[in-house]
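upload-v6.cif (mmCIF, C-alpha atoms and all ligand atoms)
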data_coords
#
loop_
_atom_site.label_atom_id
_atom_site.label_comp_id
_atom_site.auth_asym_id
_atom_site.auth_seq_id
_atom_site.Cartn_x
_atom_site.Cartn_y
_atom_site.Cartn_z
CA MET A 1 108.51 31.81 40.44
CA SER A 2 106.88 32.18 43.86
CA ASP A 3 103.93 30.11 45.01
CA ALA A 4 101.70 33.17 44.86
CA CYS A 5 102.57 33.76 41.23
CA ARG A 6 101.93 30.14 40.30
CA VAL A 7 98.46 30.32 41.82
CA TRP A 8 97.71 33.61 40.04
CA CYS A 9 99.09 32.35 36.73
CA ALA A 10 97.01 29.19 36.98
CA PHE A 11 93.77 31.05 37.68
CA ALA A 12 94.25 34.21 35.65
CA PRO A 13 93.48 32.76 32.19
CA ARG A 14 90.28 31.13 33.43
CA ARG A 15 89.12 34.33 35.09
CA ALA A 16 89.93 36.36 32.00
CA GLY A 17 88.06 33.82 29.89
CA SER A 18 84.91 33.86 31.96
CA PHE A 19 84.95 37.64 32.04
CA LEU A 20 85.25 37.79 28.25
CA LEU A 21 82.47 35.23 27.83
CA LEU A 22 80.20 37.25 30.11
CA ALA A 23 81.05 40.44 28.26
CA SER A 24 80.28 38.91 24.87
CA VAL A 25 76.94 37.53 26.07
CA VAL A 26 75.96 40.98 27.33
CA ALA A 27 77.17 42.62 24.11
CA SER A 28 75.36 40.20 21.81
CA GLY A 29 72.21 40.42 23.90
CA THR A 30 72.20 44.17 23.45
CA ALA A 31 72.90 43.85 19.74
CA LEU A 32 70.04 41.38 19.29
CA ALA A 33 67.61 43.64 21.11
CA LEU A 34 68.62 46.62 19.01
CA THR A 35 68.40 44.65 15.76
CA GLY A 36 65.01 43.27 16.73
CA ASP A 37 63.58 46.68 17.46
CA ALA A 38 65.08 48.22 14.35
CA SER A 39 64.02 45.57 11.83
CA SER A 40 60.77 44.28 13.25
CA TYR A 41 57.36 45.75 12.76
CA ARG A 42 55.34 45.43 15.91
CA VAL A 43 51.72 44.33 15.74
CA MET A 44 49.71 44.21 18.95
CA GLN A 45 46.72 42.01 19.60
CA LYS A 46 44.36 43.98 21.78
CA GLY A 47 40.57 44.08 22.14
CA ARG A 48 40.32 41.01 19.89
CA ALA A 49 41.95 42.92 17.02
CA PHE A 50 45.33 43.31 15.40
CA ALA A 51 46.72 46.83 15.76
CA PRO A 52 47.60 48.10 13.27
CA GLY A 53 45.33 46.06 11.01
CA ALA A 54 47.60 46.44 8.00
CA VAL A 55 51.37 46.37 7.61
CA SER A 56 53.64 46.91 4.59
CA LEU A 57 57.13 45.48 4.55
CA ARG A 58 59.79 44.14 2.22
CA ALA A 59 60.55 40.47 1.64
CA GLY A 60 62.88 39.22 4.37
CA GLU A 61 61.60 41.61 7.00
CA ALA A 62 59.85 40.47 10.15
CA ILE A 63 56.84 41.31 12.24
CA ALA A 64 56.80 40.92 16.01
CA ILE A 65 53.31 39.76 16.93
CA VAL A 66 52.58 40.67 20.55
CA ASN A 67 49.68 39.48 22.67
CA ASP A 68 48.86 42.48 24.84
CA ASP A 69 45.23 41.52 25.41
CA GLY A 70 44.67 41.11 29.15
CA GLU A 71 43.67 37.50 29.81
CA LEU A 72 42.95 36.49 26.22
CA VAL A 73 44.90 33.84 24.35
CA HIS A 74 45.42 34.40 20.61
CA HIS A 75 46.55 32.08 17.85
CA ALA A 76 47.90 33.87 14.79
CA TYR A 77 48.40 31.89 11.61
CA LEU A 78 48.73 32.37 7.89
CA ASP A 79 47.49 29.80 5.42
CA ASN A 80 48.55 30.69 1.89
CA PRO A 81 49.82 28.50 -0.99
CA GLU A 82 52.90 30.77 -1.24
CA PHE A 83 53.81 30.96 2.41
CA SER A 84 52.19 29.86 5.66
CA PHE A 85 52.92 29.73 9.36
CA ASP A 86 51.16 28.88 12.58
CA ILE A 87 52.59 30.33 15.78
CA GLY A 88 50.23 28.33 17.99
CA GLU A 89 48.48 29.59 21.08
CA GLN A 90 50.02 32.80 22.33
CA VAL A 91 49.48 33.62 26.00
CA PRO A 92 49.12 37.23 27.19
CA GLY A 93 52.42 39.06 27.39
CA SER A 94 54.20 36.91 24.83
CA LYS A 95 55.80 37.97 21.55
CA THR A 96 56.56 35.94 18.45
CA VAL A 97 58.65 37.18 15.53
CA VAL A 98 57.58 36.01 12.07
CA TYR A 99 59.68 36.53 8.92
CA PHE A 100 58.02 37.08 5.57
CA PRO A 101 60.41 35.65 2.97
CA LYS A 102 58.27 36.22 -0.13
CA ALA A 103 56.51 39.11 -1.79
CA GLY A 104 52.72 38.98 -1.89
CA GLN A 105 49.51 40.01 -0.22
CA PHE A 106 48.79 37.97 2.90
CA THR A 107 46.10 37.87 5.55
CA VAL A 108 47.09 36.72 9.02
CA LEU A 109 44.15 35.30 11.00
CA CYS A 110 43.54 34.27 14.60
CA GLY A 111 42.41 30.68 15.10
CA ILE A 112 40.41 31.68 18.18
CA HIS A 113 38.82 34.97 17.06
CA PRO A 114 37.63 34.70 13.43
CA LYS A 115 37.06 38.47 13.11
CA MET A 116 40.75 39.23 13.70
CA LYS A 117 42.55 40.02 10.45
CA LEU A 118 45.98 41.45 9.72
CA ALA A 119 46.68 42.45 6.12
CA VAL A 120 50.38 42.11 5.27
CA SER A 121 51.68 43.56 2.05
CA VAL A 122 55.17 42.28 1.24
CA LYS A 123 57.11 43.87 -1.63
CU CU B 1 42.66 36.06 18.83
#

Let me see the structure of the file written as structure tokens.
Amino acid sequence: MSDACRVWCAFAPRRAGSFLLLASVVASGTALALTGDASSYRVMQKGRAFAPGAVSLRAGEAIAIVNDDGELVHHAYLDNPEFSFDIGEQVPGSKTVVYFPKAGQFTVLCGIHPKMKLAVSVK
């Protein structure tokens, strides 16, 4: 075994490993993005309103709640005996994904803008 080969053999596995790690990160990142777009309903918050104002989905599905409202902060929450969540203050440009695990009729509200209402029908 020459010196050159020993150096190559010592470094090759590590290089191969880091390449594989990088490749898997890229692959899973793509997969996550595709899954998110395919399974999530997207609800915008714009002009102090949810758009659309009503969404129907099946239990276990998710909604991506996006703040696309210029400079305004929103604060979506759901307070229901069956199921509740509070995503906190959401700055413009941010997105939060919320899963609805149970069937029912729910109304998502904004803690900052009382007129904002999102009707969610989960079957
Ligand atoms: Cu709001």

Within-6 Å residues of ligand CU 1 (chain B), basis all atoms listed in the file, as a VMD selection string: chain A and resid 48 74 to 75 110 112 to 113

Coordinates-based distance that separates CA of Phe100 (chain A) from CA of Lys115 (chain A) (Å, one decimal): 22.3 Å

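Across the model, the gap from CA of Ala59 (chain A) to CA of Gly93 (chain A) is 27.0 Å.
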
Shell of 8 Å around region 80-83 of chain A, all atoms listed in the file, local chain residues under 2 positions omitted, as number ranges by chain: A: 78, 85, 102, 106

Nearest to Pro114 (chain A), chosen from A:Val91, A:Val43, A:Ala54, A:Ala49, with only C-alpha atoms counted in the distances: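 Selected residue with least distance to Pro114 (chain A): A:Ala49.
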
Between CA of Tyr99 (chain A) and CA of Val73 (chain A), distance in Å (one decimal):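 Computing it gives 21.5 Å between the two atoms.
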
Exercise: region 61-68 of chain A partners within 12 Å, only C-alpha atoms, chain neighbours under 6 positions left out, as number ranges by chain: A: 35-55, 74-77, 86-103, 108-110, 118-123

Rebuild N, CA and C atoms on region 85-111 of chain A, as a short mmCIF file (atom, residue, chain, number, x, y, z; two decimals), keeping the file's coordinate frame?
data_model
loop_
_atom_site.label_atom_id
_atom_site.label_comp_id
_atom_site.auth_asym_id
_atom_site.auth_seq_id
_atom_site.Cartn_x
_atom_site.Cartn_y
_atom_site.Cartn_z
N PHE A 85 52.33 29.99 8.04
CA PHE A 85 52.92 29.73 9.36
C PHE A 85 51.79 29.59 10.36
N ASP A 86 52.12 29.02 11.49
CA ASP A 86 51.16 28.88 12.58
C ASP A 86 51.95 29.01 13.87
N ILE A 87 51.75 30.12 14.59
CA ILE A 87 52.59 30.33 15.78
C ILE A 87 51.97 29.68 17.02
N GLY A 88 50.83 29.03 16.86
CA GLY A 88 50.23 28.33 17.99
C GLY A 88 49.59 29.29 18.97
N GLU A 89 49.15 28.75 20.09
CA GLU A 89 48.48 29.59 21.08
C GLU A 89 49.50 30.52 21.73
N GLN A 90 49.11 31.78 21.81
CA GLN A 90 50.02 32.80 22.33
C GLN A 90 49.39 33.39 23.59
N VAL A 91 50.03 33.15 24.72
CA VAL A 91 49.48 33.62 26.00
C VAL A 91 49.74 35.12 26.15
N PRO A 92 48.92 35.79 26.99
CA PRO A 92 49.12 37.23 27.19
C PRO A 92 50.54 37.56 27.63
N GLY A 93 51.08 38.63 27.04
CA GLY A 93 52.42 39.06 27.39
C GLY A 93 53.51 38.47 26.52
N SER A 94 53.16 37.54 25.64
CA SER A 94 54.20 36.91 24.83
C SER A 94 54.32 37.57 23.45
N LYS A 95 55.47 37.35 22.84
CA LYS A 95 55.80 37.97 21.55
C LYS A 95 56.41 36.92 20.65
N THR A 96 55.98 36.87 19.41
CA THR A 96 56.56 35.94 18.45
C THR A 96 56.95 36.71 17.20
N VAL A 97 58.17 36.49 16.73
CA VAL A 97 58.65 37.18 15.53
C VAL A 97 58.47 36.26 14.33
N VAL A 98 57.83 36.79 13.28
CA VAL A 98 57.58 36.01 12.07
C VAL A 98 58.23 36.71 10.88
N TYR A 99 59.04 35.97 10.12
CA TYR A 99 59.68 36.53 8.92
C TYR A 99 58.82 36.26 7.70
N PHE A 100 58.75 37.23 6.83
CA PHE A 100 58.02 37.08 5.57
C PHE A 100 59.04 37.01 4.43
N PRO A 101 59.35 35.80 3.96
CA PRO A 101 60.41 35.65 2.97
C PRO A 101 60.01 36.00 1.54
N LYS A 102 58.71 36.03 1.26
CA LYS A 102 58.27 36.22 -0.13
C LYS A 102 57.36 37.43 -0.29
N ALA A 103 57.42 38.01 -1.48
CA ALA A 103 56.51 39.11 -1.79
C ALA A 103 55.11 38.56 -2.00
N GLY A 104 54.12 39.38 -1.68
CA GLY A 104 52.72 38.98 -1.89
C GLY A 104 51.80 39.72 -0.93
N GLN A 105 50.53 39.44 -1.10
CA GLN A 105 49.51 40.01 -0.22
C GLN A 105 49.00 38.88 0.67
N PHE A 106 49.14 39.05 1.96
CA PHE A 106 48.79 37.97 2.90
C PHE A 106 47.80 38.46 3.95
N THR A 107 47.01 37.54 4.46
CA THR A 107 46.10 37.87 5.55
C THR A 107 46.37 36.92 6.72
N VAL A 108 46.85 37.49 7.81
CA VAL A 108 47.09 36.72 9.02
C VAL A 108 45.77 36.67 9.80
N LEU A 109 45.39 35.49 10.25
CA LEU A 109 44.15 35.30 11.00
C LEU A 109 44.45 34.79 12.40
N CYS A 110 43.43 34.85 13.26
CA CYS A 110 43.54 34.27 14.60
C CYS A 110 42.63 33.04 14.64
N GLY A 111 43.18 31.93 15.05
CA GLY A 111 42.41 30.68 15.10
C GLY A 111 41.32 30.68 16.17
#
